[in-house]
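Peer 1: Quick one, input_13.cif (mmCIF, C-alpha atoms and all ligand atoms):
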```cif
data_my_file
loop_
_atom_site.label_atom_id
_atom_site.label_comp_id
_atom_site.auth_asym_id
_atom_site.auth_seq_id
_atom_site.Cartn_x
_atom_site.Cartn_y
_atom_site.Cartn_z
CA PRO J 1458 43.74 12.23 34.93
CA VAL J 1459 47.41 12.87 34.16
CA LEU J 1460 48.60 10.04 31.95
CA HIS J 1461 52.14 8.94 32.67
CA LYS J 1462 52.18 6.00 30.29
CA ILE J 1463 50.21 5.28 27.12
CA ASP J 1464 50.64 1.99 25.26
CA LEU J 1465 48.95 0.55 22.20
CA ILE J 1466 49.13 -3.23 22.13
CA VAL J 1467 47.97 -5.61 19.40
CA VAL J 1468 47.09 -9.05 20.75
CA ARG J 1469 46.17 -12.14 18.80
CA LEU J 1470 44.27 -14.95 20.49
CA PRO J 1471 43.25 -18.10 18.65
CA PHE J 1472 39.52 -18.85 18.67
CA VAL J 1473 38.49 -22.26 19.97
CA LYS J 1474 36.52 -22.57 16.71
CA PRO J 1475 36.48 -20.27 13.67
CA PHE J 1476 33.53 -17.86 13.62
CA ALA J 1477 31.73 -17.77 10.26
CA THR J 1478 29.33 -15.05 9.10
CA SER J 1479 27.83 -14.27 5.70
CA VAL J 1480 30.75 -11.90 5.08
CA HIS J 1481 33.87 -13.55 6.47
CA THR J 1482 35.23 -16.30 8.72
CA TRP J 1483 37.50 -15.23 11.57
CA ALA J 1484 39.88 -17.88 12.98
CA VAL J 1485 41.66 -15.61 15.45
CA LYS J 1486 40.79 -12.59 17.54
CA GLU J 1487 43.16 -9.78 16.76
CA ALA J 1488 42.49 -6.73 18.91
CA LEU J 1489 44.09 -3.39 19.61
CA LEU J 1490 44.31 -2.66 23.35
CA LEU J 1491 44.92 0.74 24.92
CA ARG J 1492 46.72 0.76 28.28
CA LEU J 1493 46.67 4.01 30.24
CA GLU J 1494 48.66 4.46 33.42
CA SER J 1495 48.37 7.27 35.95
CA ASP J 1496 50.24 7.20 39.28
CA GLY J 1497 50.48 3.43 39.17
CA VAL J 1498 46.77 2.92 38.38
CA VAL J 1499 46.10 1.23 35.04
CA GLY J 1500 42.99 1.43 32.84
CA TRP J 1501 42.35 -0.72 29.76
CA GLY J 1502 40.31 -0.32 26.62
CA GLU J 1503 39.80 -2.87 23.89
CA CYS J 1504 39.05 -1.72 20.38
CA VAL J 1505 36.45 -3.81 18.51
CA ALA J 1506 37.89 -3.03 15.07
CA ASP J 1507 39.30 -6.03 13.25
CA PRO J 1508 42.49 -5.95 11.17
CA ASP J 1509 40.13 -6.18 8.16
CA PRO J 1510 37.13 -4.03 7.08
CA PHE J 1511 34.70 -6.99 6.79
CA TYR J 1512 32.39 -6.03 9.65
CA ALA J 1513 32.91 -2.25 9.62
CA SER J 1514 35.05 0.20 7.70
CA GLU J 1515 37.31 0.92 10.69
CA THR J 1516 40.36 -1.32 11.04
CA THR J 1517 43.17 -1.66 13.54
CA GLN J 1518 45.26 0.64 11.36
CA THR J 1519 42.63 3.36 10.96
CA VAL J 1520 42.06 3.33 14.71
CA ARG J 1521 45.77 3.68 15.38
CA HIS J 1522 45.95 6.63 12.97
CA ILE J 1523 42.88 8.41 14.32
CA PHE J 1524 43.98 7.81 17.90
CA LYS J 1525 47.53 9.08 17.48
CA ASP J 1526 46.86 11.97 15.12
CA PHE J 1527 43.48 13.27 16.25
CA LEU J 1528 42.14 11.89 19.55
CA LEU J 1529 45.29 11.75 21.66
CA PRO J 1530 46.23 15.44 21.06
CA LEU J 1531 42.87 16.42 22.58
CA LEU J 1532 43.50 14.35 25.70
CA LYS J 1533 44.86 17.22 27.80
CA PRO J 1534 45.84 16.69 31.46
CA GLY J 1535 42.92 17.29 33.80
CA ILE J 1536 40.27 17.18 31.06
CA THR J 1537 36.97 15.59 32.11
CA ILE J 1538 35.31 12.80 30.15
CA GLY J 1539 32.46 15.14 29.23
CA GLU J 1540 34.85 17.78 27.91
CA LEU J 1541 36.84 15.18 26.03
CA LEU J 1542 33.80 13.69 24.28
CA ALA J 1543 32.64 17.19 23.35
CA SER J 1544 36.12 18.02 21.98
CA TRP J 1545 35.94 14.98 19.72
CA SER J 1546 32.82 16.12 17.89
CA PRO J 1547 34.75 17.54 14.89
CA VAL J 1548 36.20 14.06 14.33
CA ARG J 1549 33.58 12.49 12.09
CA GLY J 1550 32.84 8.83 12.61
CA HIS J 1551 35.55 6.52 13.96
CA GLY J 1552 33.33 5.35 16.79
CA MET J 1553 35.54 2.32 17.40
CA ALA J 1554 38.59 4.49 17.98
CA LYS J 1555 36.62 6.81 20.26
CA ALA J 1556 35.17 3.91 22.24
CA MET J 1557 38.63 2.45 22.86
CA VAL J 1558 39.86 5.70 24.39
CA GLU J 1559 36.68 6.42 26.37
CA ASN J 1560 36.71 2.86 27.72
CA ALA J 1561 40.31 3.01 28.92
CA LEU J 1562 39.71 6.38 30.57
CA LEU J 1563 36.51 5.25 32.29
CA ASP J 1564 38.21 2.12 33.60
CA LEU J 1565 41.14 4.20 34.84
CA ILE J 1566 38.93 6.80 36.56
CA ALA J 1567 36.74 4.15 38.18
CA ARG J 1568 39.85 2.35 39.47
CA GLN J 1569 41.31 5.62 40.80
CA GLN J 1570 38.06 6.07 42.73
CA ASN J 1571 38.06 2.39 43.69
CA ARG J 1572 34.52 2.05 42.32
CA PRO J 1573 32.97 -0.34 39.82
CA LEU J 1574 32.43 1.21 36.41
CA HIS J 1575 28.65 0.81 36.59
CA ALA J 1576 28.64 2.87 39.81
CA LEU J 1577 30.74 5.59 38.14
CA LEU J 1578 28.09 5.69 35.40
CA GLY J 1579 25.27 5.87 37.97
CA LEU J 1580 24.05 2.33 37.37
CA SER J 1581 23.29 -0.43 39.87
CA ALA J 1582 24.73 -3.92 39.76
CA ARG J 1583 22.51 -6.70 38.52
CA ARG J 1584 22.90 -10.14 37.02
CA ILE J 1585 23.09 -10.12 33.23
CA GLN J 1586 21.07 -12.20 30.79
CA SER J 1587 23.04 -14.43 28.46
CA GLY J 1588 22.82 -15.10 24.75
CA ILE J 1589 24.90 -16.93 22.20
CA SER J 1590 25.61 -16.11 18.56
CA LEU J 1591 26.24 -19.28 16.57
CA GLY J 1592 28.32 -18.83 13.44
CA ILE J 1593 27.25 -20.43 10.18
CA GLN J 1594 27.70 -24.20 10.58
CA GLU J 1595 28.75 -26.86 8.09
CA SER J 1596 25.34 -28.52 7.94
CA ILE J 1597 21.87 -28.45 9.46
CA PRO J 1598 22.65 -31.43 11.78
CA ALA J 1599 25.78 -29.60 13.01
CA LEU J 1600 23.63 -26.54 13.67
CA LEU J 1601 21.08 -28.59 15.63
CA ASP J 1602 23.93 -30.01 17.76
CA ALA J 1603 25.27 -26.52 18.43
CA VAL J 1604 21.82 -25.27 19.47
CA ALA J 1605 21.29 -28.30 21.72
CA ASP J 1606 24.64 -27.55 23.42
CA ALA J 1607 23.62 -23.93 23.95
CA MET J 1608 20.31 -24.99 25.49
CA ARG J 1609 22.05 -27.25 27.96
CA ARG J 1610 24.09 -24.33 29.41
CA PRO J 1611 21.32 -22.85 29.33
CA TYR J 1612 21.58 -19.65 27.31
CA HIS J 1613 18.55 -17.35 27.51
CA ARG J 1614 18.56 -16.77 23.76
CA VAL J 1615 20.14 -18.28 20.68
CA LYS J 1616 21.11 -16.29 17.59
CA LEU J 1617 21.81 -18.04 14.31
CA LYS J 1618 23.92 -16.50 11.61
CA ILE J 1619 22.16 -16.84 8.27
CA MET J 1620 23.12 -16.10 4.67
CA GLN J 1621 21.59 -16.58 1.24
CA GLY J 1622 21.02 -20.31 0.72
CA LYS J 1623 21.48 -21.10 4.43
CA ASP J 1624 18.36 -19.48 5.77
CA VAL J 1625 14.75 -20.69 5.68
CA ALA J 1626 15.46 -24.45 5.86
CA TRP J 1627 18.08 -23.92 8.59
CA VAL J 1628 15.83 -21.76 10.75
CA ARG J 1629 12.89 -24.10 10.19
CA ALA J 1630 14.95 -27.11 11.34
CA VAL J 1631 15.97 -25.35 14.54
CA ARG J 1632 12.43 -24.10 15.24
CA GLU J 1633 10.93 -27.58 14.71
CA ALA J 1634 13.47 -29.17 17.06
CA PHE J 1635 13.17 -26.42 19.71
CA PRO J 1636 9.65 -24.97 19.60
CA ASP J 1637 9.97 -22.82 22.75
CA LEU J 1638 13.48 -21.50 22.24
CA CYS J 1639 14.00 -17.72 22.21
CA LEU J 1640 15.48 -17.62 18.73
CA MET J 1641 16.68 -14.95 16.29
CA ALA J 1642 18.73 -14.72 13.09
CA ASP J 1643 21.52 -12.36 11.98
CA ALA J 1644 22.29 -11.94 8.26
CA ASN J 1645 25.11 -9.36 8.53
CA GLY J 1646 23.68 -7.53 5.53
CA ASP J 1647 23.58 -10.44 3.08
CA TYR J 1648 20.17 -9.63 1.49
CA ARG J 1649 18.68 -6.93 -0.70
CA LEU J 1650 15.15 -5.61 -0.79
CA GLU J 1651 14.36 -7.93 -3.72
CA HIS J 1652 14.85 -10.87 -1.29
CA ALA J 1653 11.91 -9.71 0.84
CA PRO J 1654 9.85 -12.82 -0.07
CA ILE J 1655 12.54 -15.08 1.43
CA LEU J 1656 12.74 -12.96 4.56
CA ARG J 1657 8.93 -13.02 4.83
CA GLU J 1658 9.09 -16.83 4.95
CA LEU J 1659 10.96 -16.42 8.25
CA ASP J 1660 7.79 -14.87 9.73
CA ALA J 1661 6.51 -18.44 10.19
CA PHE J 1662 9.13 -19.26 12.84
CA ASN J 1663 8.30 -16.85 15.63
CA LEU J 1664 11.75 -15.26 15.69
CA THR J 1665 12.23 -12.54 18.29
CA MET J 1666 13.93 -10.51 15.55
CA ILE J 1667 15.92 -10.61 12.31
CA GLU J 1668 19.19 -8.70 12.64
CA GLN J 1669 20.68 -6.60 9.83
CA PRO J 1670 19.17 -8.36 6.83
CA LEU J 1671 20.06 -5.53 4.41
CA SER J 1672 23.18 -3.47 3.72
CA TYR J 1673 25.56 -2.46 6.51
CA SER J 1674 24.98 1.21 5.74
CA ASP J 1675 21.25 1.23 5.10
CA ILE J 1676 18.36 2.46 7.23
CA VAL J 1677 15.74 3.51 4.64
CA GLN J 1678 15.42 0.15 2.88
CA HIS J 1679 15.12 -1.57 6.26
CA SER J 1680 12.12 0.66 6.95
CA VAL J 1681 10.52 -0.48 3.68
CA LEU J 1682 11.23 -4.11 4.53
CA GLN J 1683 9.97 -3.73 8.11
CA ALA J 1684 6.59 -2.53 6.83
CA SER J 1685 6.12 -5.83 5.00
CA LEU J 1686 7.35 -8.17 7.78
CA ALA J 1687 5.69 -9.33 10.99
CA THR J 1688 9.02 -10.15 12.65
CA PRO J 1689 10.77 -7.14 14.20
CA LEU J 1690 13.98 -6.10 12.49
CA CYS J 1691 17.08 -5.31 14.53
CA LEU J 1692 19.80 -2.98 13.29
CA ASP J 1693 23.46 -3.61 14.07
CA GLU J 1694 26.00 -2.44 11.45
CA SER J 1695 23.83 0.52 10.35
CA ILE J 1696 23.87 2.22 13.75
CA HIS J 1697 27.10 4.15 14.25
CA ASP J 1698 25.90 6.73 16.74
CA LEU J 1699 22.95 8.35 18.44
CA ASP J 1700 21.87 10.13 15.26
CA ASP J 1701 21.62 6.86 13.34
CA ALA J 1702 19.45 5.50 16.16
CA ARG J 1703 17.24 8.61 15.87
CA SER J 1704 16.91 8.11 12.12
CA ALA J 1705 16.06 4.43 12.51
CA LEU J 1706 13.34 5.25 15.05
CA ALA J 1707 11.91 8.08 12.95
CA LEU J 1708 11.72 5.83 9.90
CA LYS J 1709 10.37 2.82 11.85
CA ALA J 1710 13.22 0.84 10.32
CA CYS J 1711 13.41 -1.63 13.21
CA GLY J 1712 11.75 -2.80 16.40
CA VAL J 1713 15.03 -3.47 18.17
CA ILE J 1714 18.56 -2.04 18.18
CA ASN J 1715 21.75 -3.97 18.88
CA ILE J 1716 23.92 -1.50 20.77
CA LYS J 1717 27.59 -2.37 20.69
CA GLN J 1718 29.41 0.12 22.87
CA GLY J 1719 32.58 -0.53 20.92
CA ARG J 1720 30.87 0.43 17.65
CA VAL J 1721 28.77 3.46 18.63
CA GLY J 1722 31.59 5.42 20.26
CA GLY J 1723 31.60 4.11 23.80
CA MET J 1724 29.63 3.59 26.99
CA ILE J 1725 28.20 7.09 27.27
CA GLU J 1726 26.94 7.25 23.67
CA SER J 1727 25.46 3.76 24.27
CA LEU J 1728 23.60 4.90 27.37
CA ARG J 1729 22.23 7.87 25.42
CA ALA J 1730 21.08 5.61 22.59
CA ALA J 1731 19.54 3.15 25.04
CA ALA J 1732 17.63 5.95 26.78
CA LEU J 1733 16.38 7.26 23.44
CA CYS J 1734 15.15 3.80 22.45
CA GLN J 1735 13.56 3.14 25.83
CA HIS J 1736 11.62 6.38 25.47
CA ALA J 1737 10.44 5.29 22.00
CA GLY J 1738 9.47 1.81 23.17
CA VAL J 1739 12.16 0.16 21.07
CA ASP J 1740 14.01 -2.69 22.80
CA VAL J 1741 17.79 -2.73 22.94
CA TRP J 1742 20.39 -5.29 23.81
CA SER J 1743 24.15 -5.39 23.94
CA GLY J 1744 25.87 -7.05 21.04
CA GLY J 1745 29.37 -8.40 21.15
CA MET J 1746 32.38 -8.47 18.86
CA ASP J 1747 33.95 -11.70 20.10
CA GLU J 1748 35.95 -9.54 22.48
CA THR J 1749 38.61 -10.71 24.89
CA GLY J 1750 37.73 -10.52 28.58
CA ILE J 1751 38.41 -6.78 28.56
CA GLY J 1752 35.77 -5.81 25.99
CA ARG J 1753 33.37 -8.43 27.30
CA ALA J 1754 33.64 -6.86 30.78
CA PHE J 1755 32.63 -3.45 29.36
CA ASN J 1756 29.64 -5.09 27.65
CA LEU J 1757 28.59 -6.60 31.00
CA GLN J 1758 28.90 -3.24 32.80
CA LEU J 1759 26.79 -1.58 30.10
CA GLN J 1760 24.00 -4.10 30.48
CA THR J 1761 23.32 -3.00 34.06
CA ALA J 1762 21.48 -0.03 32.45
CA SER J 1763 17.70 -0.50 32.64
CA GLY J 1764 17.12 -0.10 28.88
CA PHE J 1765 18.93 -3.36 28.16
CA THR J 1766 15.85 -5.53 28.49
CA LEU J 1767 16.71 -8.31 26.03
CA PRO J 1768 19.44 -10.94 26.35
CA GLY J 1769 22.52 -9.88 24.39
CA ASP J 1770 25.45 -11.62 22.74
CA THR J 1771 27.43 -12.08 25.93
CA SER J 1772 28.48 -15.71 26.16
CA GLU J 1773 30.91 -17.79 28.14
CA THR J 1774 34.63 -17.18 27.71
CA THR J 1775 35.34 -20.87 26.99
CA ARG J 1776 33.26 -20.61 23.83
CA TYR J 1777 35.80 -18.22 22.32
CA PHE J 1778 39.18 -18.84 23.97
CA SER J 1779 40.96 -21.65 25.78
CA GLU J 1780 42.84 -18.95 27.68
CA ASP J 1781 41.83 -15.30 28.16
CA ILE J 1782 43.85 -12.24 29.19
CA VAL J 1783 41.79 -11.41 32.30
CA ASP J 1784 41.55 -13.17 35.67
CA GLN J 1785 37.81 -13.96 35.68
CA ALA J 1786 36.01 -15.90 32.96
CA VAL J 1787 32.41 -15.19 31.99
CA VAL J 1788 30.39 -18.23 33.10
CA LEU J 1789 26.67 -18.94 33.23
CA ALA J 1790 24.93 -19.84 36.46
CA ASP J 1791 22.49 -22.78 36.40
CA ASP J 1792 19.68 -20.37 35.46
CA GLY J 1793 21.67 -18.92 32.56
CA PHE J 1794 22.45 -15.56 34.19
CA ILE J 1795 25.94 -14.05 34.30
CA ALA J 1796 27.26 -12.60 37.55
CA LEU J 1797 28.70 -9.10 37.16
CA PRO J 1798 32.39 -9.12 38.16
CA GLU J 1799 32.63 -7.11 41.37
CA GLY J 1800 36.04 -5.41 41.42
CA PRO J 1801 36.79 -1.74 40.69
CA GLY J 1802 36.65 -0.46 37.11
CA ILE J 1803 35.45 -3.14 34.71
CA GLY J 1804 35.60 -5.63 37.55
CA VAL J 1805 38.17 -8.00 36.10
CA THR J 1806 41.96 -7.75 36.36
CA VAL J 1807 44.02 -7.80 33.19
CA LEU J 1808 46.82 -10.36 33.41
CA GLU J 1809 49.77 -8.47 31.91
CA GLU J 1810 51.89 -11.60 31.61
CA ARG J 1811 49.16 -13.16 29.44
CA VAL J 1812 48.82 -9.97 27.41
CA ALA J 1813 52.58 -10.15 26.80
CA ARG J 1814 52.31 -13.76 25.70
CA TYR J 1815 49.67 -12.93 23.06
CA THR J 1816 51.23 -9.63 21.95
CA LEU J 1817 52.02 -9.18 18.26
CA GLU J 1818 53.14 -5.59 18.57
CA ARG J 1819 53.46 -3.01 21.31
CA GLU J 1820 53.94 0.72 20.82
CA SER J 1821 54.75 2.96 23.78
CA ILE J 1822 53.48 6.40 22.95
CA ARG J 1823 54.47 7.97 26.21
O1 LIG J 1901 27.05 -9.31 13.73
O2 LIG J 1901 26.74 -9.34 15.82
C1 LIG J 1901 27.48 -9.52 14.86
C2 LIG J 1901 30.79 -11.03 16.01
C3 LIG J 1901 31.69 -10.30 15.27
C4 LIG J 1901 31.21 -9.37 14.38
C5 LIG J 1901 29.84 -9.17 14.23
C6 LIG J 1901 28.93 -9.89 15.00
C7 LIG J 1901 29.42 -10.87 15.86
C8 LIG J 1901 28.56 -11.76 16.62
C9 LIG J 1901 29.13 -12.48 17.81
O3 LIG J 1901 27.43 -12.03 16.30
C10 LIG J 1901 28.98 -11.73 19.09
C11 LIG J 1901 29.78 -12.30 20.21
O4 LIG J 1901 29.66 -13.49 20.50
O5 LIG J 1901 30.56 -11.54 20.83
MG MG J 1902 25.08 -8.53 14.06
#
```
Re-express the file's structure as structure tokens.

Peer 2:
Amino acid sequence: PVLHKIDLIVVRLPFVKPFATSVHTWAVKEALLLRLESDGVVGWGECVADPDPFYASETTQTVRHIFKDFLLPLLKPGITIGELLASWSPVRGHGMAKAMVENALLDLIARQQNRPLHALLGLSARRIQSGISLGIQESIPALLDAVADAMRRPYHRVKLKIMQGKDVAWVRAVREAFPDLCLMADANGDYRLEHAPILRELDAFNLTMIEQPLSYSDIVQHSVLQASLATPLCLDESIHDLDDARSALALKACGVINIKQGRVGGMIESLRAAALCQHAGVDVWSGGMDETGIGRAFNLQLQTASGFTLPGDTSETTRYFSEDIVDQAVVLADDGFIALPEGPGIGVTVLEERVARYTLERESIR
């Protein structure tokens, strides 16, 4: 498409409750949005990079730099998505920046064709399984309350954040209170191989998986750990692209991969990774990055792909924000499923007046 207007917008939305992981506690969602306009049609992308490098090395500022200096110059009028992605291959890494641009373009193209994004990608609509990621809580009783709340919604799966010192006893308490719950734990890289005995204690609790126990950049040590654990490992931070997924499969480093489209370079790279995993018999699910309604809508569209067999981290909007920047909130039906929004593109409409209200900074590039 010919892009008549290009805007980068930084929004900041307060979280209903701070989100605590082993690495950092986030009290607000600060996100870089890309707004593309062509002949009056608007497409949106939301970058999952934070202002800080505490989840991944990319930040709002690195994304802005890579976008303006390296990705945007390649975005020539009339270029196809396939050609564009191929032209980006010399740009090493920066999957979050790439995903933001690919997302906005896909949303724009789908809206120009008046089709839902999943249809543009050759996927059929379906209801999406739900899951919730509970941040590290103040105490075990507070955690049990949070899990009980989640089960009343009811979420299909509950993920607990764990860290050194808030692990075995916390998981045990939840498992004893909720014996049939589909339960997993996410350490965000807080352990080292020498902690394997602690992680092996978690084998007693029938977890569906343990996510990213070791370093954010490691695959090899996860493969060593996996060989000594009954519980499947799941990689999140370590998987930046299709090649990382290939390496993880080859090394048997995990039984599951958390595919975040915003981290691996976009929807198309995610579909490739999901297909690779499906072929290898490795389950995948869609993670989340506490996105606003824009990013969350992309995650929902992605999960229509058949490889996404496990419930992901897509939860209700009200859990994150008292007010969102799109017109439709994510809500669970009585059976815990999420209805896919049905409009063109990502299915939801961005409320520009709300975006303006939460805007920290807006840069018009064209
Ligand atoms: O590790 O999966 C993670 C949120 C921000 C950064 C990293 C992670 C998470 C989550 C929450 O677990 C996912 C969500 O609710 O969107
Ligand atoms: Mg994770």

Peer 1: Around ligand MG 1902 (chain J), out to 8 Å and counting all atoms listed in the file, which residues are there? I want them as JSON, numbers by chain.

Peer 2: {"J": [1643, 1644, 1645, 1668, 1669, 1692, 1693, 1694, 1715, 1744]}

Peer 1: Print the selection's residues with C-alpha atoms to a file, as a CSV table (one decimal), keeping the file's coordinate frame.

Peer 2:
```csv
chain,number,residue,atom,x,y,z
J,1643,ASP,CA,21.5,-12.4,12.0
J,1644,ALA,CA,22.3,-11.9,8.3
J,1645,ASN,CA,25.1,-9.4,8.5
J,1668,GLU,CA,19.2,-8.7,12.6
J,1669,GLN,CA,20.7,-6.6,9.8
J,1692,LEU,CA,19.8,-3.0,13.3
J,1693,ASP,CA,23.5,-3.6,14.1
J,1694,GLU,CA,26.0,-2.4,11.4
J,1715,ASN,CA,21.8,-4.0,18.9
J,1744,GLY,CA,25.9,-7.0,21.0
```

Peer 1: Please tabulate, as JSON lines, the residues of chain J that come within 9 Å of ligand LIG 1901 (chain J), each with its closest pair of atoms and the distance in Å to one decimal, counting only C-alpha atoms and all ligand atoms and ordering rows by chain, then residue number upward.

Peer 2:
```
{"residue": "J:Phe1476", "atom": "CA", "partner": "J:LIG1901", "partner_atom": "C2", "distance": 7.7}
{"residue": "J:Ala1477", "atom": "CA", "partner": "J:LIG1901", "partner_atom": "C2", "distance": 8.9}
{"residue": "J:Thr1478", "atom": "CA", "partner": "J:LIG1901", "partner_atom": "O1", "distance": 7.7}
{"residue": "J:Trp1483", "atom": "CA", "partner": "J:LIG1901", "partner_atom": "C3", "distance": 8.5}
{"residue": "J:Val1505", "atom": "CA", "partner": "J:LIG1901", "partner_atom": "C3", "distance": 8.7}
{"residue": "J:Asp1507", "atom": "CA", "partner": "J:LIG1901", "partner_atom": "C4", "distance": 8.8}
{"residue": "J:Phe1511", "atom": "CA", "partner": "J:LIG1901", "partner_atom": "C4", "distance": 8.7}
{"residue": "J:Tyr1512", "atom": "CA", "partner": "J:LIG1901", "partner_atom": "C4", "distance": 5.9}
{"residue": "J:Ala1513", "atom": "CA", "partner": "J:LIG1901", "partner_atom": "C4", "distance": 8.7}
{"residue": "J:Gly1588", "atom": "CA", "partner": "J:LIG1901", "partner_atom": "O4", "distance": 8.2}
{"residue": "J:Ile1589", "atom": "CA", "partner": "J:LIG1901", "partner_atom": "O4", "distance": 6.1}
{"residue": "J:Ser1590", "atom": "CA", "partner": "J:LIG1901", "partner_atom": "O3", "distance": 5.0}
{"residue": "J:Leu1591", "atom": "CA", "partner": "J:LIG1901", "partner_atom": "O3", "distance": 7.4}
{"residue": "J:Gly1592", "atom": "CA", "partner": "J:LIG1901", "partner_atom": "O3", "distance": 7.4}
{"residue": "J:Lys1616", "atom": "CA", "partner": "J:LIG1901", "partner_atom": "O3", "distance": 7.7}
{"residue": "J:Leu1617", "atom": "CA", "partner": "J:LIG1901", "partner_atom": "O3", "distance": 8.5}
{"residue": "J:Lys1618", "atom": "CA", "partner": "J:LIG1901", "partner_atom": "O3", "distance": 7.4}
{"residue": "J:Asp1643", "atom": "CA", "partner": "J:LIG1901", "partner_atom": "O1", "distance": 6.6}
{"residue": "J:Ala1644", "atom": "CA", "partner": "J:LIG1901", "partner_atom": "O1", "distance": 7.7}
{"residue": "J:Asn1645", "atom": "CA", "partner": "J:LIG1901", "partner_atom": "O1", "distance": 5.6}
{"residue": "J:Glu1668", "atom": "CA", "partner": "J:LIG1901", "partner_atom": "O1", "distance": 8.0}
{"residue": "J:Gln1669", "atom": "CA", "partner": "J:LIG1901", "partner_atom": "O1", "distance": 7.9}
{"residue": "J:Asp1693", "atom": "CA", "partner": "J:LIG1901", "partner_atom": "O1", "distance": 6.7}
{"residue": "J:Glu1694", "atom": "CA", "partner": "J:LIG1901", "partner_atom": "O1", "distance": 7.3}
{"residue": "J:Asn1715", "atom": "CA", "partner": "J:LIG1901", "partner_atom": "O2", "distance": 7.9}
{"residue": "J:Lys1717", "atom": "CA", "partner": "J:LIG1901", "partner_atom": "O2", "distance": 8.5}
{"residue": "J:Gly1744", "atom": "CA", "partner": "J:LIG1901", "partner_atom": "O2", "distance": 5.8}
{"residue": "J:Gly1745", "atom": "CA", "partner": "J:LIG1901", "partner_atom": "O5", "distance": 3.4}
{"residue": "J:Met1746", "atom": "CA", "partner": "J:LIG1901", "partner_atom": "O5", "distance": 4.1}
{"residue": "J:Asp1747", "atom": "CA", "partner": "J:LIG1901", "partner_atom": "O5", "distance": 3.5}
{"residue": "J:Glu1748", "atom": "CA", "partner": "J:LIG1901", "partner_atom": "O5", "distance": 6.0}
{"residue": "J:Arg1753", "atom": "CA", "partner": "J:LIG1901", "partner_atom": "O5", "distance": 7.7}
{"residue": "J:Gly1769", "atom": "CA", "partner": "J:LIG1901", "partner_atom": "C10", "distance": 8.6}
{"residue": "J:Asp1770", "atom": "CA", "partner": "J:LIG1901", "partner_atom": "C11", "distance": 5.1}
{"residue": "J:Thr1771", "atom": "CA", "partner": "J:LIG1901", "partner_atom": "O5", "distance": 6.0}
{"residue": "J:Ser1772", "atom": "CA", "partner": "J:LIG1901", "partner_atom": "O4", "distance": 6.2}
{"residue": "J:Glu1773", "atom": "CA", "partner": "J:LIG1901", "partner_atom": "O4", "distance": 8.9}
{"residue": "J:Arg1776", "atom": "CA", "partner": "J:LIG1901", "partner_atom": "O4", "distance": 8.6}
{"residue": "J:Tyr1777", "atom": "CA", "partner": "J:LIG1901", "partner_atom": "O4", "distance": 8.0}
```

Peer 1: Please compute the CA of Arg1814 (chain J)-CA of Thr1775 (chain J) distance, one decimal, in Å.

Peer 2: 18.4 Å

Peer 1: Pick from J:Ser1587, J:His1461, J:Val1604, J:Ala1554: nearest to His1522 (chain J), with only C-alpha atoms counted?

Peer 2: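 Under the stated criterion, the closest residue is J:Ala1554.
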
Peer 1: Can you list, as a PyMOL selection string, every protein, DNA or RNA residue that comes within 8 Å of Lys1555 (chain J) when you count all atoms listed in the file, leaving out same-chain residues fewer than 2 positions away?

Peer 2: chain J and resi 1524+1528+1551-1553+1557-1559+1722-1723

Peer 1: Kindly add N, CA and C atoms to the incomplete region 1601-1610 of chain J and provide the output as a PDB file, in the frame of the given file.

Peer 2:
```
ATOM      1  N   LEU J1601      21.974 -28.087  14.579  1.00  0.00           N
ATOM      2  CA  LEU J1601      21.080 -28.590  15.630  1.00  0.00           C
ATOM      3  C   LEU J1601      21.889 -29.024  16.856  1.00  0.00           C
ATOM      4  N   ASP J1602      23.053 -29.626  16.630  1.00  0.00           N
ATOM      5  CA  ASP J1602      23.930 -30.010  17.760  1.00  0.00           C
ATOM      6  C   ASP J1602      24.391 -28.770  18.523  1.00  0.00           C
ATOM      7  N   ALA J1603      24.778 -27.738  17.779  1.00  0.00           N
ATOM      8  CA  ALA J1603      25.270 -26.520  18.430  1.00  0.00           C
ATOM      9  C   ALA J1603      24.166 -25.858  19.254  1.00  0.00           C
ATOM     10  N   VAL J1604      22.936 -25.869  18.719  1.00  0.00           N
ATOM     11  CA  VAL J1604      21.820 -25.270  19.470  1.00  0.00           C
ATOM     12  C   VAL J1604      21.518 -26.104  20.710  1.00  0.00           C
ATOM     13  N   ALA J1605      21.552 -27.432  20.567  1.00  0.00           N
ATOM     14  CA  ALA J1605      21.290 -28.300  21.720  1.00  0.00           C
ATOM     15  C   ALA J1605      22.319 -28.052  22.824  1.00  0.00           C
ATOM     16  N   ASP J1606      23.586 -27.872  22.443  1.00  0.00           N
ATOM     17  CA  ASP J1606      24.640 -27.550  23.420  1.00  0.00           C
ATOM     18  C   ASP J1606      24.317 -26.246  24.142  1.00  0.00           C
ATOM     19  N   ALA J1607      23.918 -25.243  23.367  1.00  0.00           N
ATOM     20  CA  ALA J1607      23.620 -23.930  23.950  1.00  0.00           C
ATOM     21  C   ALA J1607      22.464 -24.032  24.936  1.00  0.00           C
ATOM     22  N   MET J1608      21.475 -24.866  24.623  1.00  0.00           N
ATOM     23  CA  MET J1608      20.310 -24.990  25.490  1.00  0.00           C
ATOM     24  C   MET J1608      20.629 -25.729  26.777  1.00  0.00           C
ATOM     25  N   ARG J1609      21.658 -26.540  26.735  1.00  0.00           N
ATOM     26  CA  ARG J1609      22.050 -27.250  27.960  1.00  0.00           C
ATOM     27  C   ARG J1609      22.752 -26.327  28.945  1.00  0.00           C
ATOM     28  N   ARG J1610      23.311 -25.186  28.489  1.00  0.00           N
ATOM     29  CA  ARG J1610      24.090 -24.330  29.410  1.00  0.00           C
ATOM     30  C   ARG J1610      23.256 -23.765  30.540  1.00  0.00           C
TER      31      ARG J1610
END
```
